[in-house]
$ cat target27.pdb   # PDB, C-alpha atoms
ATOM      1  CA  MET A 216       0.000   0.000   0.000
ATOM      2  CA  ILE A 217       2.790   2.414   0.907
ATOM      3  CA  SER A 218       4.640   1.643  -2.324
ATOM      4  CA  LEU A 219       1.447   2.423  -4.315
ATOM      5  CA  LEU A 220       1.146   5.730  -2.446
ATOM      6  CA  ARG A 221       4.798   6.587  -3.139
ATOM      7  CA  SER A 222       4.321   5.703  -6.798
ATOM      8  CA  ALA A 223       1.241   7.964  -7.036
ATOM      9  CA  ILE A 224       3.103  10.831  -5.377
ATOM     10  CA  ALA A 225       6.066  10.352  -7.709
ATOM     11  CA  ARG A 226       3.751  10.445 -10.766
ATOM     12  CA  ARG A 227       2.073  13.629  -9.495
ATOM     13  CA  THR A 228       5.440  15.229  -8.795
ATOM     14  CA  LEU A 229       6.686  14.302 -12.273
ATOM     15  CA  ALA A 230       3.496  15.570 -13.899
ATOM     16  CA  GLY A 231       3.700  18.800 -11.920
ATOM     17  CA  SER A 232       7.334  19.275 -12.875
ATOM     18  CA  LEU A 233       6.569  18.712 -16.552
ATOM     19  CA  PHE A 234       3.654  21.160 -16.390
ATOM     20  CA  LEU A 235       5.786  23.791 -14.661
ATOM     21  CA  GLY A 236       8.614  23.309 -17.160
ATOM     22  CA  THR A 237       6.213  23.716 -20.068
ATOM     23  CA  ALA A 238       4.699  26.841 -18.523
ATOM     24  CA  LEU A 239       8.116  28.398 -17.922
ATOM     25  CA  THR A 240       9.192  27.607 -21.479
ATOM     26  CA  ALA A 241       6.030  29.256 -22.837
ATOM     27  CA  CYS A 242       6.735  32.374 -20.759
ATOM     28  CA  ALA A 243      10.315  32.525 -21.979
ATOM     29  CA  ALA A 244       9.150  32.214 -25.580
ATOM     30  CA  GLN A 245       6.901  35.266 -25.123
ATOM     31  CA  ALA A 246       9.750  37.517 -23.971
ATOM     32  CA  ALA A 247      11.513  39.313 -26.792
ATOM     33  CA  SER A 248      14.580  41.494 -27.144
ATOM     34  CA  PHE A 249      14.288  44.676 -29.206
ATOM     35  CA  THR A 250      17.186  46.502 -30.843
ATOM     36  CA  MET A 251      16.147  50.105 -31.382
ATOM     37  CA  TYR A 252      18.123  52.373 -33.729
ATOM     38  CA  ARG A 253      17.727  56.070 -33.039
ATOM     39  CA  ASP A 254      19.224  59.486 -33.528
ATOM     40  CA  ALA A 255      21.186  60.340 -30.377
ATOM     41  CA  ASN A 256      19.340  63.671 -30.092
ATOM     42  CA  CYS A 257      15.830  62.194 -29.986
ATOM     43  CA  GLY A 258      14.282  61.770 -26.538
ATOM     44  CA  CYS A 259      10.905  60.334 -27.551
ATOM     45  CA  CYS A 260      12.663  57.175 -28.750
ATOM     46  CA  LEU A 261      13.813  56.462 -25.208
ATOM     47  CA  ALA A 262      10.273  57.117 -23.956
ATOM     48  CA  TRP A 263       8.986  54.522 -26.455
ATOM     49  CA  ALA A 264      11.621  52.029 -25.251
ATOM     50  CA  GLN A 265      10.438  52.615 -21.684
ATOM     51  CA  HIS A 266       6.845  51.869 -22.829
ATOM     52  CA  VAL A 267       8.030  48.546 -24.268
ATOM     53  CA  GLU A 268       9.993  47.621 -21.138
ATOM     54  CA  GLU A 269       7.100  48.505 -18.801
ATOM     55  CA  SER A 270       5.373  45.319 -19.952
ATOM     56  CA  ASP A 271       8.080  43.419 -17.990
ATOM     57  CA  GLU A 272       8.231  41.038 -20.949
ATOM     58  CA  HIS A 273      10.822  42.704 -23.145
ATOM     59  CA  ASP A 274      14.233  44.338 -23.119
ATOM     60  CA  VAL A 275      15.249  47.158 -25.433
ATOM     61  CA  THR A 276      18.813  47.813 -26.488
ATOM     62  CA  SER A 277      19.192  51.346 -27.796
ATOM     63  CA  VAL A 278      21.737  51.970 -30.544
ATOM     64  CA  ASP A 279      22.563  55.574 -31.440
ATOM     65  CA  HIS A 280      23.029  55.664 -35.203
ATOM     66  CA  PRO A 281      24.405  58.613 -37.215
ATOM     67  CA  ASP A 282      22.504  57.706 -40.408
ATOM     68  CA  MET A 283      18.917  56.711 -39.668
ATOM     69  CA  ALA A 284      17.964  56.979 -43.349
ATOM     70  CA  SER A 285      20.302  54.079 -44.119
ATOM     71  CA  VAL A 286      18.834  51.984 -41.255
ATOM     72  CA  LYS A 287      15.345  52.515 -42.661
ATOM     73  CA  ALA A 288      16.449  51.763 -46.231
ATOM     74  CA  GLU A 289      18.308  48.595 -45.203
ATOM     75  CA  ASN A 290      15.202  47.358 -43.381
ATOM     76  CA  GLY A 291      12.722  48.173 -46.137
ATOM     77  CA  VAL A 292      10.708  50.824 -44.310
ATOM     78  CA  PRO A 293       8.532  52.632 -46.894
ATOM     79  CA  GLY A 294       9.236  56.370 -47.045
ATOM     80  CA  ASP A 295       5.710  57.432 -46.140
ATOM     81  CA  LEU A 296       5.666  55.187 -43.047
ATOM     82  CA  GLN A 297       8.913  56.443 -41.527
ATOM     83  CA  SER A 298       9.214  57.851 -38.032
ATOM     84  CA  CYS A 299      12.066  58.719 -35.706
ATOM     85  CA  HIS A 300      13.303  55.280 -34.634
ATOM     86  CA  THR A 301      13.453  51.769 -36.089
ATOM     87  CA  ALA A 302      13.452  48.634 -33.952
ATOM     88  CA  ILE A 303      14.142  45.047 -34.898
ATOM     89  CA  VAL A 304      12.525  42.251 -32.902
ATOM     90  CA  GLU A 305      12.664  38.588 -33.907
ATOM     91  CA  GLY A 306      13.257  39.567 -37.533
ATOM     92  CA  TYR A 307      10.381  42.063 -37.705
ATOM     93  CA  VAL A 308      10.803  45.782 -38.307
ATOM     94  CA  ILE A 309       8.960  48.063 -35.881
ATOM     95  CA  GLU A 310       8.939  51.638 -37.143
ATOM     96  CA  GLY A 311       8.057  54.480 -34.835
ATOM     97  CA  HIS A 312       5.642  54.683 -31.947
ATOM     98  CA  VAL A 313       3.925  51.292 -32.262
ATOM     99  CA  PRO A 314       2.139  50.199 -29.046
ATOM    100  CA  VAL A 315       3.777  47.153 -27.462
ATOM    101  CA  ALA A 316       0.456  45.253 -27.500
ATOM    102  CA  ASP A 317       0.472  45.420 -31.310
ATOM    103  CA  VAL A 318       4.051  44.103 -31.445
ATOM    104  CA  GLU A 319       3.113  41.270 -29.090
ATOM    105  CA  ARG A 320       0.161  40.382 -31.327
ATOM    106  CA  LEU A 321       2.515  40.364 -34.354
ATOM    107  CA  LEU A 322       4.915  38.019 -32.553
ATOM    108  CA  ALA A 323       2.068  35.720 -31.507
ATOM    109  CA  GLU A 324       0.324  35.580 -34.902
ATOM    110  CA  ARG A 325       3.337  35.845 -37.254
ATOM    111  CA  PRO A 326       1.210  36.587 -40.335
ATOM    112  CA  THR A 327       2.530  35.610 -43.748
ATOM    113  CA  GLY A 328       3.810  38.467 -45.882
ATOM    114  CA  VAL A 329       4.253  40.952 -43.025
ATOM    115  CA  LYS A 330       7.753  42.420 -42.643
ATOM    116  CA  GLY A 331       6.843  44.826 -39.881
ATOM    117  CA  LEU A 332       4.586  47.400 -38.280
ATOM    118  CA  ALA A 333       4.755  51.174 -38.530
ATOM    119  CA  VAL A 334       3.208  54.282 -37.041
ATOM    120  CA  ALA A 335       4.076  57.034 -39.490
ATOM    121  CA  GLY A 336       5.326  60.322 -38.096
ATOM    122  CA  MET A 337       5.118  61.078 -34.412
ATOM    123  CA  PRO A 338       1.426  61.310 -33.449
ATOM    124  CA  MET A 339       0.725  62.997 -30.124
ATOM    125  CA  GLY A 340      -0.492  60.479 -27.571
ATOM    126  CA  SER A 341       1.142  57.447 -29.166
ATOM    127  CA  PRO A 342       3.588  55.518 -26.922
ATOM    128  CA  GLY A 343       6.554  57.771 -26.241
ATOM    129  CA  MET A 344       4.661  60.853 -27.420
ATOM    130  CA  GLU A 345       2.285  61.152 -24.464
ATOM    131  CA  HIS A 346       0.755  64.531 -23.750
ATOM    132  CA  GLY A 347      -1.596  64.202 -20.800
ATOM    133  CA  ASN A 348      -4.775  62.452 -21.853
ATOM    134  CA  HIS A 349      -4.690  63.930 -25.376
ATOM    135  CA  ARG A 350      -4.150  61.711 -28.380
ATOM    136  CA  GLN A 351      -4.258  62.280 -32.114
ATOM    137  CA  ALA A 352      -5.910  59.514 -34.096
ATOM    138  CA  PHE A 353      -3.328  57.153 -35.568
ATOM    139  CA  GLN A 354      -3.059  53.789 -37.244
ATOM    140  CA  VAL A 355      -0.569  50.967 -36.982
ATOM    141  CA  ILE A 356       0.173  49.752 -40.512
ATOM    142  CA  ALA A 357       1.405  46.240 -41.297
ATOM    143  CA  PHE A 358       3.714  46.295 -44.306
ATOM    144  CA  GLY A 359       5.572  43.728 -46.336
ATOM    145  CA  PRO A 360       6.037  42.183 -49.762
ATOM    146  CA  GLU A 361       2.298  41.522 -50.084
ATOM    147  CA  GLY A 362       1.382  45.165 -49.486
ATOM    148  CA  ARG A 363      -0.081  47.009 -46.524
ATOM    149  CA  SER A 364      -3.025  46.735 -44.200
ATOM    150  CA  VAL A 365      -4.307  48.488 -41.103
ATOM    151  CA  TRP A 366      -3.155  46.423 -38.118
ATOM    152  CA  ALA A 367      -4.797  48.630 -35.450
ATOM    153  CA  SER A 368      -6.526  51.989 -35.192
ATOM    154  CA  TYR A 369      -6.445  54.377 -32.261
ATOM    155  CA  PRO A 370      -9.072  57.141 -32.156
ATOM    156  CA  ALA A 371      -8.398  60.710 -31.098
ATOM    157  CA  ARG A 372      -8.899  61.536 -27.447
ATOM    158  CA  HIS A 373      -9.194  65.041 -26.010
TER     159      HIS A 373
END

$ encode --input "target27.pdb" --output "structure tokens"
Amino acid sequence: MISLLRSAIARRTLAGSLFLGTALTACAAQAASFTMYRDANCGCCLAWAQHVEESDEHDVTSVDHPDMASVKAENGVPGDLQSCHTAIVEGYVIEGHVPVADVERLLAERPTGVKGLAVAGMPMGSPGMEHGNHRQAFQVIAFGPEGRSVWASYPARH
């Protein structure tokens, strides 16, 4: 009887360990490291990086780059979607003030034909461009070899 009890406990312990290991692996897979290229004189880029890191899921390495136009060209960012900084995360290009939730959705879904996400310009109220409770309407655009689509829309708020 005692050996049956020990065997049952051992199976439960093994099952619990396997479950915990799987859960920890899933959490680790969700964390991502961002490399953000920016002009050294731009402060909103660092504010965007702080927005990303506040999720406690991601780390951002900031790289001051003297020629941001070349970074954007090398990464295929369309001219009309450009902003102040360009980040690379797991092979995707994240241009400008894209909310971290949209990046996380991109990493979870990994849609075919999408090279990256962009918020063109520097809309007030987007992550890193906060101004009280005010926000200009803006869209997150998915772009890639198959074209573009609206990934998310954020309405104006006054």

$ atom_distance --input "target27.pdb" --atom1 "CA of Val292 (chain A)" --atom2 "CA of Leu322 (chain A)"
18.3 Å

$ resolve_selection --input "target27.pdb" --expression "the PyMOL selection byres ((chain A and resi 365) around 10)" --output "list in words"
Leu332, Ala333, Gln354, Val355, Ile356, Ala357, Phe358, Arg363, Ser364, Trp366, Ala367 and Ser368 of chain A

$ write_last_selection --input "target27.pdb" --atoms "C-alpha atoms" --output "compact mmCIF listing (two decimals), in the coordinates of the input"
# COMPACT_ATOMS: atom_id res chain seq x y z
CA LEU A 332 4.59 47.40 -38.28
CA ALA A 333 4.76 51.17 -38.53
CA GLN A 354 -3.06 53.79 -37.24
CA VAL A 355 -0.57 50.97 -36.98
CA ILE A 356 0.17 49.75 -40.51
CA ALA A 357 1.40 46.24 -41.30
CA PHE A 358 3.71 46.30 -44.31
CA ARG A 363 -0.08 47.01 -46.52
CA SER A 364 -3.02 46.74 -44.20
CA TRP A 366 -3.16 46.42 -38.12
CA ALA A 367 -4.80 48.63 -35.45
CA SER A 368 -6.53 51.99 -35.19

$ atom_distance --input "target27.pdb" --atom1 "CA of Ala284 (chain A)" --atom2 "CA of His312 (chain A)"
16.9 Å

$ resolve_selection --input "target27.pdb" --expression "the PyMOL selection byres ((chain A and resi 245-256) around 12)" --output "VMD selection string"
chain A and resid 238 to 244 257 to 265 267 to 268 270 to 287 290 298 to 312 315 318 to 324

$ write_last_selection --input "target27.pdb" --atoms "C-alpha atoms" --output "PDB file, in the coordinates of the input"
ATOM      1  CA  ALA A 238       4.699  26.841 -18.523  1.00  0.00           C
ATOM      2  CA  LEU A 239       8.116  28.398 -17.922  1.00  0.00           C
ATOM      3  CA  THR A 240       9.192  27.607 -21.479  1.00  0.00           C
ATOM      4  CA  ALA A 241       6.030  29.256 -22.837  1.00  0.00           C
ATOM      5  CA  CYS A 242       6.735  32.374 -20.759  1.00  0.00           C
ATOM      6  CA  ALA A 243      10.315  32.525 -21.979  1.00  0.00           C
ATOM      7  CA  ALA A 244       9.150  32.214 -25.580  1.00  0.00           C
ATOM      8  CA  CYS A 257      15.830  62.194 -29.986  1.00  0.00           C
ATOM      9  CA  GLY A 258      14.282  61.770 -26.538  1.00  0.00           C
ATOM     10  CA  CYS A 259      10.905  60.334 -27.551  1.00  0.00           C
ATOM     11  CA  CYS A 260      12.663  57.175 -28.750  1.00  0.00           C
ATOM     12  CA  LEU A 261      13.813  56.462 -25.208  1.00  0.00           C
ATOM     13  CA  ALA A 262      10.273  57.117 -23.956  1.00  0.00           C
ATOM     14  CA  TRP A 263       8.986  54.522 -26.455  1.00  0.00           C
ATOM     15  CA  ALA A 264      11.621  52.029 -25.251  1.00  0.00           C
ATOM     16  CA  GLN A 265      10.438  52.615 -21.684  1.00  0.00           C
ATOM     17  CA  VAL A 267       8.030  48.546 -24.268  1.00  0.00           C
ATOM     18  CA  GLU A 268       9.993  47.621 -21.138  1.00  0.00           C
ATOM     19  CA  SER A 270       5.373  45.319 -19.952  1.00  0.00           C
ATOM     20  CA  ASP A 271       8.080  43.419 -17.990  1.00  0.00           C
ATOM     21  CA  GLU A 272       8.231  41.038 -20.949  1.00  0.00           C
ATOM     22  CA  HIS A 273      10.822  42.704 -23.145  1.00  0.00           C
ATOM     23  CA  ASP A 274      14.233  44.338 -23.119  1.00  0.00           C
ATOM     24  CA  VAL A 275      15.249  47.158 -25.433  1.00  0.00           C
ATOM     25  CA  THR A 276      18.813  47.813 -26.488  1.00  0.00           C
ATOM     26  CA  SER A 277      19.192  51.346 -27.796  1.00  0.00           C
ATOM     27  CA  VAL A 278      21.737  51.970 -30.544  1.00  0.00           C
ATOM     28  CA  ASP A 279      22.563  55.574 -31.440  1.00  0.00           C
ATOM     29  CA  HIS A 280      23.029  55.664 -35.203  1.00  0.00           C
ATOM     30  CA  PRO A 281      24.405  58.613 -37.215  1.00  0.00           C
ATOM     31  CA  ASP A 282      22.504  57.706 -40.408  1.00  0.00           C
ATOM     32  CA  MET A 283      18.917  56.711 -39.668  1.00  0.00           C
ATOM     33  CA  ALA A 284      17.964  56.979 -43.349  1.00  0.00           C
ATOM     34  CA  SER A 285      20.302  54.079 -44.119  1.00  0.00           C
ATOM     35  CA  VAL A 286      18.834  51.984 -41.255  1.00  0.00           C
ATOM     36  CA  LYS A 287      15.345  52.515 -42.661  1.00  0.00           C
ATOM     37  CA  ASN A 290      15.202  47.358 -43.381  1.00  0.00           C
ATOM     38  CA  SER A 298       9.214  57.851 -38.032  1.00  0.00           C
ATOM     39  CA  CYS A 299      12.066  58.719 -35.706  1.00  0.00           C
ATOM     40  CA  HIS A 300      13.303  55.280 -34.634  1.00  0.00           C
ATOM     41  CA  THR A 301      13.453  51.769 -36.089  1.00  0.00           C
ATOM     42  CA  ALA A 302      13.452  48.634 -33.952  1.00  0.00           C
ATOM     43  CA  ILE A 303      14.142  45.047 -34.898  1.00  0.00           C
ATOM     44  CA  VAL A 304      12.525  42.251 -32.902  1.00  0.00           C
ATOM     45  CA  GLU A 305      12.664  38.588 -33.907  1.00  0.00           C
ATOM     46  CA  GLY A 306      13.257  39.567 -37.533  1.00  0.00           C
ATOM     47  CA  TYR A 307      10.381  42.063 -37.705  1.00  0.00           C
ATOM     48  CA  VAL A 308      10.803  45.782 -38.307  1.00  0.00           C
ATOM     49  CA  ILE A 309       8.960  48.063 -35.881  1.00  0.00           C
ATOM     50  CA  GLU A 310       8.939  51.638 -37.143  1.00  0.00           C
ATOM     51  CA  GLY A 311       8.057  54.480 -34.835  1.00  0.00           C
ATOM     52  CA  HIS A 312       5.642  54.683 -31.947  1.00  0.00           C
ATOM     53  CA  VAL A 315       3.777  47.153 -27.462  1.00  0.00           C
ATOM     54  CA  VAL A 318       4.051  44.103 -31.445  1.00  0.00           C
ATOM     55  CA  GLU A 319       3.113  41.270 -29.090  1.00  0.00           C
ATOM     56  CA  ARG A 320       0.161  40.382 -31.327  1.00  0.00           C
ATOM     57  CA  LEU A 321       2.515  40.364 -34.354  1.00  0.00           C
ATOM     58  CA  LEU A 322       4.915  38.019 -32.553  1.00  0.00           C
ATOM     59  CA  ALA A 323       2.068  35.720 -31.507  1.00  0.00           C
ATOM     60  CA  GLU A 324       0.324  35.580 -34.902  1.00  0.00           C
TER      61      GLU A 324
END

$ residues_around --input "target27.pdb" --residues "Ala371 (chain A)" --least-positions-apart "5" --cutoff "12 Å" --atoms "all atoms listed in the file" --output "PyMOL selection string"
chain A and resi 338-341+348-354

$ atom_distance --input "target27.pdb" --atom1 "CA of Asp317 (chain A)" --atom2 "CA of Gly343 (chain A)"
14.7 Å

$ closest_residue --input "target27.pdb" --among "A:Val313, A:Glu269, A:Leu296, A:His373" --to "Pro342 (chain A)" --atoms "all atoms listed in the file"
A:Val313
